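Structure first, commentary second.
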Amino acid sequence: GVAACTTEPFRIMDVQFQDGNVNAGITQMRTAAFNALEWNPEDLISLVEPVFRLTGCIERCNIPLDKLSKWAQAAWKLYRENPFHNWFHGFSCFQMSYYMLNTNSIGPKLTALEGFALLVASLCHDLDHPGFTNSFMIDSQSPLALRHNDISVLENHHANLACELLRREGTAIGGGLDAESQKTLRKLVIK
């Protein structure tokens with residue numbers, strides 16, 4: 001259970017899914033040629049749970065399944081329809097993290113909790129991106145720049161929203177962890 005999340009190494013499991021589209025999507029996600037723009041947003045959301053299952057995070061980090069789908073949908077809705085910093089970009093980073101964990105030796109060097117945090121952070125790394133740079137936000141004295149005291153404005157905003165999703169009742173995918181592991185998850189996502 002929870003102890004496995006903080007002590008066992010991260011590892012990819014071999015699982016087949018009943019849904020042929022999910023299997024095809026996961027097969028494509030294991031390549032550098034995966035293109036999120038070729039998918040509709042709902043189908044990308046349907047690939048989030050299989051990634052967390054294949055990485056052992058659902059079982060070893062006690063991710064509540066009822067919250068995982070809501071978390072992925074909430075992340076999707078928090079992305080704006082920008083030309084670049086949008087849902088497809090966020091999912092592409094999630095996919096590339098999964099791909100790298102599959103194809104190189106980094107995975108076993110991480111704990112399951114660290115792998116969980118990497119996947120959460122990669123999907124949520126640009127939530128609510130306004131499509132402007134930090135410099136623009138600071139120079140225009142935007143409310144976000146003022147809130148974050150002109151320090152890593154966008155990065156702090158994205159991390160704050162990611163952590164909000166982890167705390168919200170309906171989307172608290174780290175809720176199956178003990179309190180100390182939840183703190184560690186939050187710290188890792190912020191990094």
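Convention: chains lettered A, B, ... in structure tokens order; per-chain residue numbering from 1; ligands numbered from 1 as shown.
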Quiz prompt | Close residues, range 147-164 of chain A itself excluded, 7 Å, only C-alpha atoms, min 3 positions apart in chain, as number ranges by chain | solution = A: 124-128, 134, 138, 143-144, 167-168, 186, 190
Quiz prompt | Those in range 70-160 of chain A with helix (DSSP H, G or I) from DSSP, as a PyMOL selection string | solution = chain A and resi 70-78+87-103+107-109+112-124+134-139+143-147+153-160
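Within the 9 Å cut-off around Phe34 in chain A, using only C-alpha atoms and omitting residues fewer than 2 positions from it on the same chain, the listed residues are Gly25, Gln28, Met29, Arg30, Thr31, Ala32, Ala36, Glu38, Ser92, Gln95 and Met96 of chain A.
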Output C-alpha atoms of each residue in that selection to a file, as a PDB file, in the first residue's frame.
ATOM      1  CA  GLY A  25      -3.060   4.632 -27.637  1.00  0.00           C
ATOM      2  CA  GLN A  28       1.682   4.837 -29.522  1.00  0.00           C
ATOM      3  CA  MET A  29       2.508   6.622 -26.246  1.00  0.00           C
ATOM      4  CA  ARG A  30       5.513   4.311 -25.880  1.00  0.00           C
ATOM      5  CA  THR A  31       7.100   5.939 -28.943  1.00  0.00           C
ATOM      6  CA  ALA A  32       8.660   9.337 -29.544  1.00  0.00           C
ATOM      7  CA  ALA A  36      -1.345  14.454 -29.157  1.00  0.00           C
ATOM      8  CA  GLU A  38      -4.000  13.672 -33.710  1.00  0.00           C
ATOM      9  CA  SER A  92       2.411  15.793 -24.746  1.00  0.00           C
ATOM     10  CA  GLN A  95       3.280  11.355 -22.691  1.00  0.00           C
ATOM     11  CA  MET A  96       6.968  12.199 -23.014  1.00  0.00           C
TER      12      MET A  96
END
Contacts of Ser69 in chain A within 12 Å, only C-alpha atoms, excl. fewer than 2 positions in-chain, as a PDB file with N, CA, C and O atoms, in the first residue's frame:
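Everything below was put into result_28.pdb:
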ATOM      1  N   GLU A  42     -10.982  14.245 -25.288  1.00  0.00           N
ATOM      2  CA  GLU A  42     -11.616  13.201 -24.478  1.00  0.00           C
ATOM      3  C   GLU A  42     -10.866  11.878 -24.579  1.00  0.00           C
ATOM      4  O   GLU A  42     -10.750  11.140 -23.599  1.00  0.00           O
ATOM      5  N   ASP A  43     -10.358  11.564 -25.782  1.00  0.00           N
ATOM      6  CA  ASP A  43      -9.604  10.328 -25.935  1.00  0.00           C
ATOM      7  C   ASP A  43      -8.267  10.395 -25.194  1.00  0.00           C
ATOM      8  O   ASP A  43      -7.796   9.386 -24.666  1.00  0.00           O
ATOM      9  N   LEU A  44      -7.670  11.573 -25.158  1.00  0.00           N
ATOM     10  CA  LEU A  44      -6.435  11.725 -24.374  1.00  0.00           C
ATOM     11  C   LEU A  44      -6.729  11.507 -22.899  1.00  0.00           C
ATOM     12  O   LEU A  44      -5.945  10.849 -22.194  1.00  0.00           O
ATOM     13  N   ILE A  45      -7.854  12.047 -22.419  1.00  0.00           N
ATOM     14  CA  ILE A  45      -8.235  11.840 -21.018  1.00  0.00           C
ATOM     15  C   ILE A  45      -8.368  10.347 -20.718  1.00  0.00           C
ATOM     16  O   ILE A  45      -7.956   9.882 -19.658  1.00  0.00           O
ATOM     17  N   SER A  46      -8.891   9.589 -21.680  1.00  0.00           N
ATOM     18  CA  SER A  46      -9.080   8.150 -21.457  1.00  0.00           C
ATOM     19  C   SER A  46      -7.755   7.398 -21.348  1.00  0.00           C
ATOM     20  O   SER A  46      -7.740   6.249 -20.915  1.00  0.00           O
ATOM     21  N   LEU A  47      -6.648   8.017 -21.731  1.00  0.00           N
ATOM     22  CA  LEU A  47      -5.334   7.369 -21.631  1.00  0.00           C
ATOM     23  C   LEU A  47      -4.630   7.658 -20.303  1.00  0.00           C
ATOM     24  O   LEU A  47      -3.621   7.026 -19.978  1.00  0.00           O
ATOM     25  N   VAL A  48      -5.156   8.602 -19.526  1.00  0.00           N
ATOM     26  CA  VAL A  48      -4.508   8.969 -18.266  1.00  0.00           C
ATOM     27  C   VAL A  48      -4.556   7.814 -17.264  1.00  0.00           C
ATOM     28  O   VAL A  48      -3.527   7.437 -16.687  1.00  0.00           O
ATOM     29  N   GLU A  49      -5.733   7.239 -17.034  1.00  0.00           N
ATOM     30  CA  GLU A  49      -5.820   6.138 -16.073  1.00  0.00           C
ATOM     31  C   GLU A  49      -4.925   4.965 -16.469  1.00  0.00           C
ATOM     32  O   GLU A  49      -4.188   4.447 -15.615  1.00  0.00           O
ATOM     33  N   PRO A  50      -4.934   4.523 -17.743  1.00  0.00           N
ATOM     34  CA  PRO A  50      -4.027   3.414 -18.098  1.00  0.00           C
ATOM     35  C   PRO A  50      -2.561   3.717 -17.820  1.00  0.00           C
ATOM     36  O   PRO A  50      -1.820   2.818 -17.411  1.00  0.00           O
ATOM     37  N   PHE A  52      -1.348   5.618 -15.393  1.00  0.00           N
ATOM     38  CA  PHE A  52      -1.147   5.463 -13.949  1.00  0.00           C
ATOM     39  C   PHE A  52      -1.249   4.001 -13.526  1.00  0.00           C
ATOM     40  O   PHE A  52      -0.597   3.578 -12.578  1.00  0.00           O
ATOM     41  N   ILE A  63      -4.213   5.370  -5.541  1.00  0.00           N
ATOM     42  CA  ILE A  63      -4.969   6.422  -6.234  1.00  0.00           C
ATOM     43  C   ILE A  63      -6.431   6.004  -6.319  1.00  0.00           C
ATOM     44  O   ILE A  63      -6.739   4.949  -6.866  1.00  0.00           O
ATOM     45  N   PRO A  64      -7.339   6.821  -5.790  1.00  0.00           N
ATOM     46  CA  PRO A  64      -8.764   6.499  -5.883  1.00  0.00           C
ATOM     47  C   PRO A  64      -9.248   6.661  -7.330  1.00  0.00           C
ATOM     48  O   PRO A  64      -9.158   7.741  -7.900  1.00  0.00           O
ATOM     49  N   LEU A  65      -9.721   5.584  -7.923  1.00  0.00           N
ATOM     50  CA  LEU A  65     -10.126   5.609  -9.331  1.00  0.00           C
ATOM     51  C   LEU A  65     -11.239   6.609  -9.611  1.00  0.00           C
ATOM     52  O   LEU A  65     -11.244   7.246 -10.667  1.00  0.00           O
ATOM     53  N   ASP A  66     -12.169   6.766  -8.679  1.00  0.00           N
ATOM     54  CA  ASP A  66     -13.265   7.712  -8.907  1.00  0.00           C
ATOM     55  C   ASP A  66     -12.754   9.147  -9.006  1.00  0.00           C
ATOM     56  O   ASP A  66     -13.362   9.990  -9.658  1.00  0.00           O
ATOM     57  N   LYS A  67     -11.621   9.416  -8.405  1.00  0.00           N
ATOM     58  CA  LYS A  67     -11.062  10.773  -8.437  1.00  0.00           C
ATOM     59  C   LYS A  67     -10.110  10.972  -9.621  1.00  0.00           C
ATOM     60  O   LYS A  67      -9.935  12.090 -10.086  1.00  0.00           O
ATOM     61  N   TRP A  71      -9.935  14.162 -11.921  1.00  0.00           N
ATOM     62  CA  TRP A  71      -8.695  14.939 -11.904  1.00  0.00           C
ATOM     63  C   TRP A  71      -8.232  15.239 -13.323  1.00  0.00           C
ATOM     64  O   TRP A  71      -7.904  16.380 -13.659  1.00  0.00           O
ATOM     65  N   ALA A  72      -8.226  14.213 -14.179  1.00  0.00           N
ATOM     66  CA  ALA A  72      -7.781  14.399 -15.569  1.00  0.00           C
ATOM     67  C   ALA A  72      -8.710  15.381 -16.298  1.00  0.00           C
ATOM     68  O   ALA A  72      -8.241  16.260 -17.028  1.00  0.00           O
ATOM     69  N   GLN A  73      -9.999  15.263 -16.086  1.00  0.00           N
ATOM     70  CA  GLN A  73     -10.950  16.184 -16.722  1.00  0.00           C
ATOM     71  C   GLN A  73     -10.771  17.607 -16.208  1.00  0.00           C
ATOM     72  O   GLN A  73     -10.824  18.569 -16.975  1.00  0.00           O
ATOM     73  N   ALA A  74     -10.539  17.733 -14.911  1.00  0.00           N
ATOM     74  CA  ALA A  74     -10.325  19.068 -14.328  1.00  0.00           C
ATOM     75  C   ALA A  74      -9.053  19.699 -14.876  1.00  0.00           C
ATOM     76  O   ALA A  74      -9.029  20.906 -15.167  1.00  0.00           O
ATOM     77  N   ALA A  75      -7.997  18.906 -15.031  1.00  0.00           N
ATOM     78  CA  ALA A  75      -6.754  19.429 -15.616  1.00  0.00           C
ATOM     79  C   ALA A  75      -7.019  19.905 -17.039  1.00  0.00           C
ATOM     80  O   ALA A  75      -6.602  21.009 -17.420  1.00  0.00           O
ATOM     81  N   TRP A  76      -7.716  19.106 -17.820  1.00  0.00           N
ATOM     82  CA  TRP A  76      -8.057  19.493 -19.197  1.00  0.00           C
ATOM     83  C   TRP A  76      -8.779  20.840 -19.208  1.00  0.00           C
ATOM     84  O   TRP A  76      -8.449  21.732 -19.978  1.00  0.00           O
ATOM     85  N   GLY A 170     -13.041  16.188  -4.914  1.00  0.00           N
ATOM     86  CA  GLY A 170     -13.358  15.333  -6.063  1.00  0.00           C
ATOM     87  C   GLY A 170     -12.168  14.930  -6.907  1.00  0.00           C
ATOM     88  O   GLY A 170     -12.277  14.014  -7.729  1.00  0.00           O
ATOM     89  N   THR A 171     -11.032  15.606  -6.742  1.00  0.00           N
ATOM     90  CA  THR A 171      -9.871  15.346  -7.604  1.00  0.00           C
ATOM     91  C   THR A 171      -8.601  15.006  -6.813  1.00  0.00           C
ATOM     92  O   THR A 171      -7.511  15.018  -7.374  1.00  0.00           O
ATOM     93  N   ALA A 172      -8.741  14.684  -5.548  1.00  0.00           N
ATOM     94  CA  ALA A 172      -7.592  14.432  -4.668  1.00  0.00           C
ATOM     95  C   ALA A 172      -6.995  13.054  -4.933  1.00  0.00           C
ATOM     96  O   ALA A 172      -7.173  12.119  -4.152  1.00  0.00           O
ATOM     97  N   ILE A 173      -6.237  12.934  -6.036  1.00  0.00           N
ATOM     98  CA  ILE A 173      -5.697  11.622  -6.406  1.00  0.00           C
ATOM     99  C   ILE A 173      -4.580  11.158  -5.473  1.00  0.00           C
ATOM    100  O   ILE A 173      -4.219   9.988  -5.480  1.00  0.00           O
TER     101      ILE A 173
END
If you take only C-alpha atoms and a cut-off of 10 Å, which residues of range 30-109 of chain A touch range 15-18 of chain A, and what are their nearest atom pairs and distances in Å to one decimal, in chain and number order, as CSV?
residue,atom,partner,partner_atom,distance
A:Pro50,CA,A:Phe17,CA,8.1
A:Arg53,CA,A:Val15,CA,8.2
A:Leu54,CA,A:Val15,CA,6.3
A:Thr55,CA,A:Val15,CA,9.8
Output the selection as a PDB file, in the first residue's frame - all heavy atoms for each residue.
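Dumped everything to selection_18.pdb:
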ATOM      1  N   PRO A  50      -4.934   4.523 -17.743  1.00  0.00           N
ATOM      2  CA  PRO A  50      -4.027   3.414 -18.098  1.00  0.00           C
ATOM      3  C   PRO A  50      -2.561   3.717 -17.820  1.00  0.00           C
ATOM      4  O   PRO A  50      -1.820   2.818 -17.411  1.00  0.00           O
ATOM      5  CB  PRO A  50      -4.288   3.209 -19.599  1.00  0.00           C
ATOM      6  CG  PRO A  50      -5.680   3.697 -19.802  1.00  0.00           C
ATOM      7  CD  PRO A  50      -5.849   4.844 -18.845  1.00  0.00           C
ATOM      8  N   ARG A  53      -2.040   3.207 -14.240  1.00  0.00           N
ATOM      9  CA  ARG A  53      -2.141   1.777 -13.934  1.00  0.00           C
ATOM     10  C   ARG A  53      -0.855   1.059 -14.368  1.00  0.00           C
ATOM     11  O   ARG A  53      -0.285   0.266 -13.618  1.00  0.00           O
ATOM     12  CB  ARG A  53      -3.350   1.158 -14.621  1.00  0.00           C
ATOM     13  CG  ARG A  53      -3.568  -0.295 -14.224  1.00  0.00           C
ATOM     14  CD  ARG A  53      -4.905  -0.841 -14.646  1.00  0.00           C
ATOM     15  NE  ARG A  53      -6.042  -0.095 -14.148  1.00  0.00           N
ATOM     16  CZ  ARG A  53      -6.499  -0.115 -12.900  1.00  0.00           C
ATOM     17  NH1 ARG A  53      -5.872  -0.842 -11.982  1.00  0.00           N
ATOM     18  NH2 ARG A  53      -7.564   0.585 -12.550  1.00  0.00           N
ATOM     19  N   LEU A  54      -0.389   1.349 -15.587  1.00  0.00           N
ATOM     20  CA  LEU A  54       0.810   0.694 -16.108  1.00  0.00           C
ATOM     21  C   LEU A  54       2.068   1.042 -15.318  1.00  0.00           C
ATOM     22  O   LEU A  54       3.027   0.273 -15.320  1.00  0.00           O
ATOM     23  CB  LEU A  54       1.011   1.066 -17.582  1.00  0.00           C
ATOM     24  CG  LEU A  54       0.031   0.417 -18.549  1.00  0.00           C
ATOM     25  CD1 LEU A  54       0.050   1.129 -19.891  1.00  0.00           C
ATOM     26  CD2 LEU A  54       0.348  -1.064 -18.713  1.00  0.00           C
ATOM     27  N   THR A  55       2.068   2.186 -14.687  1.00  0.00           N
ATOM     28  CA  THR A  55       3.225   2.589 -13.886  1.00  0.00           C
ATOM     29  C   THR A  55       3.123   2.104 -12.442  1.00  0.00           C
ATOM     30  O   THR A  55       4.015   2.379 -11.640  1.00  0.00           O
ATOM     31  CB  THR A  55       3.382   4.120 -13.906  1.00  0.00           C
ATOM     32  OG1 THR A  55       2.167   4.721 -13.454  1.00  0.00           O
ATOM     33  CG2 THR A  55       3.716   4.614 -15.307  1.00  0.00           C
TER      34      THR A  55
END
Self-check item: Distance criterion (only C-alpha atoms): nearest to Ala33 in chain A out of A:Pro130, A:Tyr99, A:Arg80, A:Ile58
Solution: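 That would be A:Tyr99, the residue with the smallest distance to Ala33 in chain A.
Using only C-alpha atoms for every distance, the candidate list A:Asn86, A:Ile26, A:Phe94, A:Leu113 yields A:Leu113 as the residue closest to Glu180 in chain A.
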Exercise. Go ahead and compute the interatomic distance for CA of Phe88 in chain A and CA of Leu119 in chain A, in Å to one decimal.
Key: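 It comes out at 15.0 Å.
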Self-check item: Selection near Leu110 in chain A, 10 Å with only C-alpha atoms, sequence-local residues under 5 positions removed, as an NGL selection string
Solution: :A and (6-11 or 101 or 105 or 115-116 or 118)
